[in-house]
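The file entry_17.cif contains mmCIF, C-alpha atoms and all ligand atoms:
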```
data_coords
#
loop_
_atom_site.label_atom_id
_atom_site.label_comp_id
_atom_site.auth_asym_id
_atom_site.auth_seq_id
_atom_site.Cartn_x
_atom_site.Cartn_y
_atom_site.Cartn_z
CA MET A 240 0.00 0.00 0.00
CA HIS A 241 1.30 3.44 -0.88
CA ILE A 242 0.74 6.80 0.72
CA ASN A 243 0.99 9.14 -2.23
CA GLU A 244 -0.99 12.15 -1.12
CA ALA A 245 1.35 15.07 -0.42
CA GLN A 246 -0.80 16.43 2.43
CA ILE A 247 -0.71 13.12 4.32
CA ARG A 248 3.04 12.93 3.81
CA GLN A 249 3.40 16.43 5.26
CA ASP A 250 1.21 15.58 8.24
CA LEU A 251 3.31 12.47 8.87
CA ALA A 252 6.52 14.49 8.74
CA ALA A 253 5.05 16.97 11.25
CA LEU A 254 4.48 14.03 13.61
CA GLY A 255 8.12 12.98 13.29
CA VAL A 256 7.15 9.93 11.23
CA GLU A 257 9.63 8.96 8.51
CA VAL A 258 8.19 7.14 5.48
CA GLN A 259 10.15 4.54 3.56
CA SER A 260 8.24 3.88 0.35
CA SER A 261 7.82 0.32 -0.89
CA ALA A 262 9.96 -1.19 1.83
CA ALA A 263 10.85 -4.85 1.29
CA LEU A 264 9.57 -6.42 4.51
CA ALA A 265 11.55 -9.60 3.78
CA THR A 266 14.62 -7.64 4.93
CA LEU A 267 12.92 -6.91 8.27
CA THR A 268 11.92 -10.47 9.17
CA SER A 269 14.18 -13.26 10.39
CA LEU A 270 12.49 -15.66 7.93
CA GLY A 271 13.48 -13.38 5.04
CA ILE A 272 9.93 -13.58 3.75
CA GLY A 273 7.45 -10.77 3.14
CA GLY A 274 6.17 -8.47 0.39
CA THR A 275 6.39 -4.70 0.05
CA THR A 276 4.56 -1.74 1.52
CA ASP A 277 5.24 1.72 2.94
CA LEU A 278 7.08 1.60 6.25
CA LEU A 279 6.36 4.36 8.78
CA ARG A 280 9.10 4.90 11.33
CA ILE A 281 7.89 6.48 14.58
CA THR A 282 10.46 8.68 16.32
CA ARG A 283 8.25 9.91 19.19
CA HIS A 284 5.89 7.76 21.28
CA ASP A 285 3.66 10.76 22.00
CA SER A 286 2.85 11.16 18.29
CA ILE A 287 1.20 7.72 18.10
CA PRO A 288 -2.40 8.75 18.97
CA ALA A 289 -2.34 11.48 16.31
CA LEU A 290 -0.70 9.12 13.82
CA VAL A 291 -3.35 6.45 14.30
CA ASP A 292 -6.08 9.12 14.00
CA LEU A 293 -4.55 10.35 10.77
CA LEU A 294 -4.37 6.85 9.26
CA ASP A 295 -7.95 6.10 10.32
CA ARG A 296 -9.26 9.36 8.87
CA HIS A 297 -7.72 8.46 5.53
CA LYS A 298 -8.78 4.80 5.84
CA ILE A 299 -5.20 3.55 5.65
CA PRO A 300 -4.99 0.12 7.33
CA HIS A 301 -1.84 -0.45 9.37
CA LYS A 302 0.05 -3.05 11.34
CA PHE A 303 2.70 -2.68 13.99
CA LEU A 304 6.04 -4.42 13.43
CA GLY A 305 8.47 -5.31 16.22
CA GLY A 306 11.69 -7.21 15.58
CA GLY A 307 10.12 -9.41 12.89
CA SER A 308 11.56 -12.57 14.41
CA ASN A 309 8.33 -14.49 15.03
CA LEU A 310 6.46 -13.35 11.99
CA LEU A 311 5.43 -14.75 8.61
CA ILE A 312 4.38 -11.94 6.25
CA GLY A 313 2.48 -12.52 3.01
CA ASP A 314 3.92 -12.07 -0.48
CA GLY A 315 3.57 -9.26 -3.01
CA GLU A 316 2.14 -5.78 -2.58
CA LEU A 317 0.61 -5.70 0.91
CA PRO A 318 -2.77 -4.10 1.67
CA TRP A 319 -1.64 -2.22 4.80
CA VAL A 320 1.21 0.05 5.82
CA VAL A 321 3.57 -0.96 8.60
CA LEU A 322 4.43 1.09 11.69
CA HIS A 323 7.80 0.62 13.31
CA LEU A 324 9.35 2.24 16.41
CA ALA A 325 12.71 3.95 16.00
CA LYS A 326 15.15 2.96 18.72
CA PRO A 327 15.95 5.76 21.16
CA ALA A 328 19.37 6.19 22.75
CA PRO A 329 19.72 4.95 25.39
CA ASP A 330 17.13 2.20 25.07
CA VAL A 331 17.75 0.71 28.53
CA VAL A 332 18.07 2.74 31.73
CA ILE A 333 18.99 1.02 35.01
CA GLU A 334 17.72 2.29 38.35
CA GLY A 335 18.60 -0.02 41.23
CA ASN A 336 17.00 -3.39 40.46
CA PHE A 337 14.75 -1.88 37.80
CA ALA A 338 15.52 -1.82 34.09
CA HIS A 339 13.43 0.66 32.08
CA VAL A 340 13.50 -0.68 28.55
CA ASP A 341 12.16 0.76 25.31
CA ALA A 342 10.03 -1.70 23.31
CA ALA A 343 12.33 -1.26 20.30
CA ALA A 344 15.38 -2.45 22.27
CA ASP A 345 17.00 -5.66 21.08
CA LEU A 346 16.21 -8.48 23.55
CA GLY A 347 19.66 -10.10 23.51
CA ARG A 348 21.47 -6.79 24.01
CA THR A 349 19.10 -5.96 26.88
CA VAL A 350 19.93 -9.26 28.58
CA THR A 351 23.68 -8.56 28.37
CA PHE A 352 23.35 -4.88 29.28
CA CYS A 353 21.43 -5.80 32.45
CA ALA A 354 23.99 -8.54 33.19
CA LYS A 355 26.80 -5.97 33.08
CA HIS A 356 24.90 -4.07 35.76
CA ASP A 357 24.74 -7.26 37.89
CA LEU A 358 21.06 -7.80 37.13
CA GLY A 359 20.14 -11.39 36.24
CA GLY A 360 17.06 -13.53 35.73
CA LEU A 361 16.95 -13.12 31.95
CA GLU A 362 19.75 -15.60 31.11
CA GLY A 363 17.39 -18.08 29.41
CA LEU A 364 16.30 -15.43 26.92
CA ILE A 365 19.77 -15.03 25.45
CA GLY A 366 19.66 -16.12 21.83
CA VAL A 367 15.95 -15.37 21.45
CA PRO A 368 15.93 -12.95 18.51
CA GLY A 369 13.71 -9.88 18.32
CA THR A 370 12.80 -6.80 20.32
CA VAL A 371 11.79 -6.49 23.96
CA GLY A 372 8.35 -5.30 22.82
CA GLY A 373 7.82 -8.42 20.72
CA ALA A 374 9.05 -10.66 23.53
CA LEU A 375 6.67 -8.96 25.93
CA ARG A 376 3.61 -9.30 23.68
CA MET A 377 4.24 -13.04 23.21
CA ASN A 378 5.65 -13.64 26.69
CA ALA A 379 8.74 -15.11 25.05
CA GLY A 380 10.47 -17.81 27.01
CA ALA A 381 13.22 -20.39 26.93
CA TYR A 382 15.07 -22.62 29.37
CA GLY A 383 12.67 -21.98 32.21
CA THR A 384 12.67 -18.18 31.88
CA GLN A 385 9.78 -16.12 30.62
CA ILE A 386 9.93 -12.37 30.35
CA GLY A 387 6.51 -11.85 31.99
CA SER A 388 7.86 -12.98 35.37
CA TYR A 389 9.89 -9.77 35.70
CA VAL A 390 7.45 -7.15 34.42
CA THR A 391 6.38 -4.45 36.88
CA GLU A 392 5.03 -1.87 34.43
CA VAL A 393 4.22 -1.56 30.74
CA LYS A 394 3.58 1.55 28.68
CA VAL A 395 1.20 0.66 25.91
CA TYR A 396 -0.86 2.44 23.25
CA ARG A 397 -4.31 0.83 23.29
CA ALA A 398 -5.59 1.36 19.78
CA ALA A 399 -9.13 0.21 20.58
CA GLN A 400 -9.48 2.89 23.29
CA ARG A 401 -7.26 5.34 21.44
CA LYS A 402 -5.12 6.04 24.48
CA MET A 403 -1.76 5.57 26.10
CA GLU A 404 -1.87 3.56 29.29
CA ILE A 405 0.57 2.49 31.97
CA LEU A 406 -0.30 -1.02 33.18
CA ARG A 407 1.09 -2.60 36.33
CA GLY A 408 2.54 -6.08 35.92
CA ASP A 409 -0.27 -7.59 37.99
CA GLN A 410 -2.87 -6.15 35.60
CA ILE A 411 -1.46 -8.27 32.77
CA SER A 412 -1.75 -12.02 32.55
CA PHE A 413 1.30 -13.81 31.21
CA GLU A 414 0.80 -17.38 30.10
CA TYR A 415 2.70 -19.79 27.86
CA ARG A 416 3.42 -17.75 24.70
CA HIS A 417 0.31 -15.68 25.39
CA THR A 418 -0.57 -12.44 27.17
CA SER A 419 -3.77 -10.54 27.92
CA PHE A 420 -2.75 -7.67 25.60
CA ALA A 421 -5.23 -6.98 22.81
CA PRO A 422 -4.00 -7.74 19.28
CA ASP A 423 -3.89 -4.03 18.43
CA ASP A 424 -2.12 -2.91 21.64
CA MET A 425 1.27 -1.41 20.83
CA MET A 426 4.02 -2.13 23.35
CA LEU A 427 6.06 1.03 23.92
CA ALA A 428 8.19 0.50 27.03
CA VAL A 429 8.52 -1.87 29.96
CA THR A 430 10.02 -1.84 33.43
CA LEU A 431 11.57 -5.08 34.64
CA ASN A 432 12.42 -5.83 38.26
CA LEU A 433 15.49 -8.07 38.13
CA PRO A 434 17.32 -9.97 40.86
CA SER A 435 20.86 -8.84 41.77
CA LYS A 436 23.49 -11.36 40.67
CA PRO A 437 27.22 -11.00 40.05
CA TYR A 438 28.04 -10.51 36.34
CA LYS A 439 30.32 -13.56 36.27
CA GLU A 440 27.53 -15.80 37.55
CA ILE A 441 25.06 -14.45 35.00
CA LEU A 442 27.63 -14.97 32.25
CA GLN A 443 27.95 -18.61 33.23
CA GLY A 444 24.17 -19.04 32.93
CA ILE A 445 24.22 -17.30 29.56
CA ARG A 446 26.98 -19.64 28.32
CA ILE A 447 25.03 -22.73 29.38
CA CYS A 448 21.89 -21.54 27.57
CA ASN A 449 23.90 -20.65 24.47
CA GLU A 450 25.42 -24.13 24.41
CA LYS A 451 22.04 -25.83 24.82
CA ARG A 452 20.61 -23.75 22.02
CA ARG A 453 23.56 -24.40 19.70
CA ALA A 454 23.23 -28.13 20.32
CA SER A 455 19.55 -28.36 19.47
CA GLN A 456 18.45 -25.47 17.24
CA PRO A 457 19.50 -24.30 13.77
CA MET A 458 21.68 -21.20 14.08
CA GLY A 459 22.54 -18.77 11.32
CA GLN A 460 19.64 -19.92 9.16
CA LYS A 461 16.56 -17.92 8.28
CA SER A 462 13.77 -19.03 10.62
CA ALA A 463 11.08 -17.69 12.93
CA GLY A 464 12.04 -19.96 15.82
CA CYS A 465 9.44 -22.58 16.65
CA ILE A 466 6.53 -22.64 14.19
CA PHE A 467 4.02 -24.38 16.48
CA LYS A 468 3.24 -24.04 20.17
CA ASN A 469 3.83 -27.15 22.21
CA PRO A 470 0.50 -28.82 23.00
CA PRO A 471 -0.06 -29.37 26.73
CA GLY A 472 2.34 -32.03 28.00
CA ALA A 473 3.88 -32.75 24.58
CA SER A 474 6.55 -31.45 22.22
CA ALA A 475 5.63 -30.37 18.70
CA GLY A 476 9.27 -30.79 17.61
CA ARG A 477 9.42 -34.38 18.85
CA MET A 478 6.13 -35.33 17.16
CA ILE A 479 7.22 -33.87 13.81
CA ASP A 480 10.60 -35.57 14.15
CA GLU A 481 8.99 -38.95 15.00
CA LEU A 482 6.99 -38.72 11.79
CA GLY A 483 10.28 -38.46 9.88
CA LEU A 484 9.47 -35.02 8.53
CA LYS A 485 12.87 -33.34 8.97
CA GLY A 486 13.92 -32.12 5.54
CA LEU A 487 10.36 -32.06 4.18
CA SER A 488 10.17 -29.08 1.79
CA VAL A 489 7.83 -26.94 -0.23
CA GLY A 490 9.96 -24.83 -2.58
CA ASP A 491 12.70 -23.35 -0.38
CA ALA A 492 10.67 -23.74 2.82
CA ARG A 493 12.05 -26.69 4.74
CA VAL A 494 11.60 -28.46 8.07
CA SER A 495 14.97 -28.01 9.77
CA ASP A 496 17.23 -31.07 9.95
CA ARG A 497 18.29 -29.94 13.41
CA HIS A 498 15.01 -29.15 15.18
CA ALA A 499 11.77 -30.28 13.60
CA ASN A 500 9.70 -27.38 14.98
CA PHE A 501 11.95 -24.87 13.19
CA PHE A 502 11.06 -24.30 9.53
CA VAL A 503 13.81 -22.58 7.59
CA ASN A 504 13.98 -20.54 4.42
CA THR A 505 16.89 -22.10 2.53
CA GLY A 506 16.80 -19.56 -0.31
CA GLN A 507 13.90 -17.78 -1.91
CA ALA A 508 10.95 -19.31 -0.04
CA SER A 509 7.67 -17.43 -0.45
CA ALA A 510 5.03 -17.04 2.24
CA GLY A 511 2.91 -19.39 0.10
CA ASP A 512 5.61 -22.09 0.32
CA MET A 513 5.94 -21.69 4.09
CA LEU A 514 2.17 -21.71 4.66
CA ALA A 515 1.80 -24.84 2.53
CA LEU A 516 4.53 -26.56 4.53
CA ILE A 517 2.89 -25.53 7.82
CA ALA A 518 -0.50 -26.84 6.65
CA ASP A 519 1.00 -30.12 5.45
CA VAL A 520 2.87 -30.78 8.71
CA ARG A 521 -0.15 -29.80 10.81
CA ASP A 522 -2.33 -32.28 8.84
CA ARG A 523 0.15 -35.12 9.19
CA VAL A 524 0.52 -34.58 12.94
CA GLU A 525 -3.25 -34.44 13.38
CA LYS A 526 -3.76 -37.67 11.40
CA THR A 527 -1.26 -39.60 13.51
CA TYR A 528 -1.57 -38.02 16.94
CA GLY A 529 -5.07 -36.52 16.84
CA VAL A 530 -3.56 -33.19 17.96
CA LYS A 531 -4.13 -30.02 15.96
CA LEU A 532 -0.97 -27.94 16.39
CA GLU A 533 -1.49 -24.24 16.95
CA ASN A 534 0.78 -21.67 15.29
CA GLU A 535 3.38 -20.03 17.48
CA VAL A 536 4.52 -17.91 14.55
CA VAL A 537 2.29 -14.90 13.87
CA VAL A 538 0.94 -14.79 10.31
CA TRP A 539 0.14 -11.53 8.49
CA SER A 540 -1.59 -12.68 5.33
CA ALA A 541 -1.44 -10.48 2.24
N1 LIG A 601 12.96 -33.11 20.03
C1 LIG A 601 13.13 -34.10 19.11
N2 LIG A 601 13.34 -33.76 17.81
C2 LIG A 601 13.41 -32.47 17.40
C3 LIG A 601 13.23 -31.44 18.35
C4 LIG A 601 13.01 -31.79 19.67
O1 LIG A 601 13.07 -35.29 19.44
O2 LIG A 601 13.61 -32.24 16.21
C5 LIG A 601 12.77 -33.48 21.44
C6 LIG A 601 13.98 -33.09 22.29
O3 LIG A 601 14.95 -34.08 22.27
C7 LIG A 601 13.36 -32.90 23.65
C8 LIG A 601 11.95 -32.40 23.34
O4 LIG A 601 11.70 -32.76 21.99
O5 LIG A 601 13.26 -34.09 24.33
C9 LIG A 601 11.80 -30.90 23.54
O6 LIG A 601 12.70 -30.22 22.68
P1 LIG A 601 13.44 -28.86 23.09
O7 LIG A 601 14.13 -29.03 24.41
O8 LIG A 601 14.25 -28.43 21.92
O9 LIG A 601 12.30 -27.86 23.41
P2 LIG A 601 11.02 -27.47 22.56
O10 LIG A 601 9.85 -27.79 23.43
O11 LIG A 601 11.04 -28.03 21.21
C10 LIG A 601 10.86 -25.07 23.57
C11 LIG A 601 10.46 -23.75 22.99
C12 LIG A 601 11.64 -23.07 22.36
C13 LIG A 601 12.74 -22.89 23.39
C14 LIG A 601 13.13 -24.28 23.93
C15 LIG A 601 14.14 -24.21 25.05
C16 LIG A 601 8.14 -23.84 22.21
C17 LIG A 601 7.24 -24.04 21.06
N3 LIG A 601 9.44 -23.97 21.97
O12 LIG A 601 11.22 -25.89 22.47
O13 LIG A 601 11.21 -21.78 21.93
O14 LIG A 601 13.87 -22.28 22.81
O15 LIG A 601 11.94 -24.90 24.49
O16 LIG A 601 13.54 -23.73 26.21
O17 LIG A 601 7.68 -23.57 23.33
C18 LIG A 601 10.33 -20.43 20.19
O18 LIG A 601 9.52 -20.02 21.00
O19 LIG A 601 10.33 -20.01 19.02
C19 LIG A 601 11.28 -21.43 20.60
C20 LIG A 601 12.16 -21.95 19.77
#
```
Can you present the structure in this file as structure tokens?
Amino acid sequence: MHINEAQIRQDLAALGVEVQSSAALATLTSLGIGGTTDLLRITRHDSIPALVDLLDRHKIPHKFLGGGSNLLIGDGELPWVVLHLAKPAPDVVIEGNFAHVDAAADLGRTVTFCAKHDLGGLEGLIGVPGTVGGALRMNAGAYGTQIGSYVTEVKVYRAAQRKMEILRGDQISFEYRHTSFAPDDMMLAVTLNLPSKPYKEILQGIRICNEKRRASQPMGQKSAGCIFKNPPGASAGRMIDELGLKGLSVGDARVSDRHANFFVNTGQASAGDMLALIADVRDRVEKTYGVKLENEVVVWSA
């Protein structure tokens, strides 16, 4: 979708919003998949209500992109524009045991930055790609850690109510890869309350998690992490593996040889290829195990 009208462009500029025309979203997702649309870069949180009003008034549909690491975007010219937060400097501020983190901050860098200030707890999240905002929305987790456990406050733009809100941690429910945020809530900033731990000790925890991840997950390949959620009491990866589906492909979309719940883009996979592979694997698992796997990856269809 293109914003061509000069007046809208001027209004966007006045709000501190930078427009990148026909951005290739494939370059902004870890799967390397996604079509093109105008990308609107937000430099000031306080301009968001006026920005959303402006887009609504001109009937311009929009979506909000975080780090793009758990996302499968459709192919071709997309029927909505994409909003994206610019990263402020600094993006993490430490105050005692509290880390105030901008939603656009990189999750891995936040983990190590906090570690250097002797704040631990987040070790398990090292190696999870994406932004802190994306991790928060999904309640990202690994190796026994989930980000929701440390949240004391979240600044959010609630599109449905058209207002900024500060939520306390206990007003949000954090479950397995799910939170009580509405789909159109935009994460803006979060405060984490982290336990004090010596840097060296945290580093040891980080090393252990890195090793575990390297041993079991494909690294350096284009993926969106796990494609399916684990059904209660079972492992999607193990079920797919037991069916002998590692290496199964549609075009360049392929079930990883290393971890069967990771689907990788080995070249020029399209969203169509990846969706067909997801559907095929889901069907096969359902036929054998009677379990319908639910997507963990978020899909933005064209
Ligand atoms: N397994 C296989 N074959 C495979 C993959 C796994 O037999 O191809 C077996 C493993 O041997 C193990 C069991 O399945 O016995 C579970 O595997 P793993 O420890 O790799 O954990 P997972 O349940 O597959 C979850 C998260 C990961 C997270 C890891 C580590 C989900 C959907 N996945 O994976 O998160 O990194 O635990 O904590 O909850 C993600 O969210 O994108 C993600 C990758």
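Put simply, CA of Gly305 in chain A is 10.2 Å away from CA of Ala325 in chain A.
Near ligand LIG 601 (chain A), at a distance of at most 6 Å and with all atoms listed in the file counted, sit the residues Ala381, Tyr382, Ser455, Gly464, Cys465, Phe467, Lys468, Asn469, Ser474, Gly476, Arg477, Asp480, Arg497, His498 and Ala499 of chain A.
Residues lying within 10 Å of Ala541 in chain A, counting only C-alpha atoms and ignoring same-chain neighbours fewer than 2 positions away, are Gly273, Gly274, Thr275, Ile312, Gly313, Asp314, Gly315, Glu316, Leu317, Pro318, Trp319, Ala510, Val538 and Trp539 of chain A.
Using all atoms listed in the file, the protein and nucleic acid residues lying no more than 8 Å from Ser495 in chain A, apart from those fewer than 5 places from it along its own chain, are A:Pro457, A:Lys485, A:Gly486, A:Asn500, A:Phe501, A:Phe502, A:Val503.
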- request: Using only C-alpha atoms, find the one residue out of A:Ala398, A:Val350, A:Ala328, A:Ala338 that sits nearest to Pro288 in chain A.
  value: A:Ala398
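The closest residue to Leu364 in chain A, picked from A:Arg348, A:His323, A:Arg523, A:Lys436 and counting all atoms listed in the file, is A:Arg348.
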field: Spatial neighbours of Tyr415 in chain A, 9 Å, only C-alpha atoms, chain gap at least 6 places, as a ChimeraX atom specification
entry: /A:377-380,385,468
Could the residues in this selection be saved with C-alpha atoms as a short mmCIF file (atom, residue, chain, number, x, y, z; two decimals), in the frame of the given file?
```cif
data_model
loop_
_atom_site.label_atom_id
_atom_site.label_comp_id
_atom_site.auth_asym_id
_atom_site.auth_seq_id
_atom_site.Cartn_x
_atom_site.Cartn_y
_atom_site.Cartn_z
CA MET A 377 4.24 -13.04 23.21
CA ASN A 378 5.65 -13.64 26.69
CA ALA A 379 8.74 -15.11 25.05
CA GLY A 380 10.47 -17.81 27.01
CA GLN A 385 9.78 -16.12 30.62
CA LYS A 468 3.24 -24.04 20.17
#
```
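Take CA of Asp423 in chain A and CA of Glu392 in chain A: the distance between them is 18.4 Å.
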query: In Å to one decimal, how far is CA of Pro368 in chain A from CA of Thr391 in chain A?
result: 22.4 Å
For range 359-399 of chain A, write C-alpha atoms out as a JSON list (two decimals), in the first residue's frame.
```json
[["chain", "number", "residue", "atom", "x", "y", "z"],
["A", 359, "GLY", "CA", 20.14, -11.39, 36.24],
["A", 360, "GLY", "CA", 17.06, -13.53, 35.73],
["A", 361, "LEU", "CA", 16.95, -13.12, 31.95],
["A", 362, "GLU", "CA", 19.75, -15.60, 31.11],
["A", 363, "GLY", "CA", 17.39, -18.08, 29.41],
["A", 364, "LEU", "CA", 16.30, -15.43, 26.92],
["A", 365, "ILE", "CA", 19.77, -15.03, 25.45],
["A", 366, "GLY", "CA", 19.66, -16.12, 21.83],
["A", 367, "VAL", "CA", 15.95, -15.37, 21.45],
["A", 368, "PRO", "CA", 15.93, -12.95, 18.51],
["A", 369, "GLY", "CA", 13.71, -9.88, 18.32],
["A", 370, "THR", "CA", 12.80, -6.80, 20.32],
["A", 371, "VAL", "CA", 11.79, -6.49, 23.96],
["A", 372, "GLY", "CA", 8.35, -5.30, 22.82],
["A", 373, "GLY", "CA", 7.82, -8.42, 20.72],
["A", 374, "ALA", "CA", 9.05, -10.66, 23.53],
["A", 375, "LEU", "CA", 6.67, -8.96, 25.93],
["A", 376, "ARG", "CA", 3.61, -9.30, 23.68],
["A", 377, "MET", "CA", 4.24, -13.04, 23.21],
["A", 378, "ASN", "CA", 5.65, -13.64, 26.69],
["A", 379, "ALA", "CA", 8.74, -15.11, 25.05],
["A", 380, "GLY", "CA", 10.47, -17.81, 27.01],
["A", 381, "ALA", "CA", 13.22, -20.39, 26.93],
["A", 382, "TYR", "CA", 15.07, -22.62, 29.37],
["A", 383, "GLY", "CA", 12.67, -21.98, 32.21],
["A", 384, "THR", "CA", 12.67, -18.18, 31.88],
["A", 385, "GLN", "CA", 9.78, -16.12, 30.62],
["A", 386, "ILE", "CA", 9.93, -12.37, 30.35],
["A", 387, "GLY", "CA", 6.51, -11.85, 31.99],
["A", 388, "SER", "CA", 7.86, -12.98, 35.37],
["A", 389, "TYR", "CA", 9.89, -9.77, 35.70],
["A", 390, "VAL", "CA", 7.45, -7.15, 34.42],
["A", 391, "THR", "CA", 6.38, -4.45, 36.88],
["A", 392, "GLU", "CA", 5.03, -1.87, 34.43],
["A", 393, "VAL", "CA", 4.22, -1.56, 30.74],
["A", 394, "LYS", "CA", 3.58, 1.55, 28.68],
["A", 395, "VAL", "CA", 1.20, 0.66, 25.91],
["A", 396, "TYR", "CA", -0.86, 2.44, 23.25],
["A", 397, "ARG", "CA", -4.31, 0.83, 23.29],
["A", 398, "ALA", "CA", -5.59, 1.36, 19.78],
["A", 399, "ALA", "CA", -9.13, 0.21, 20.58]]
```
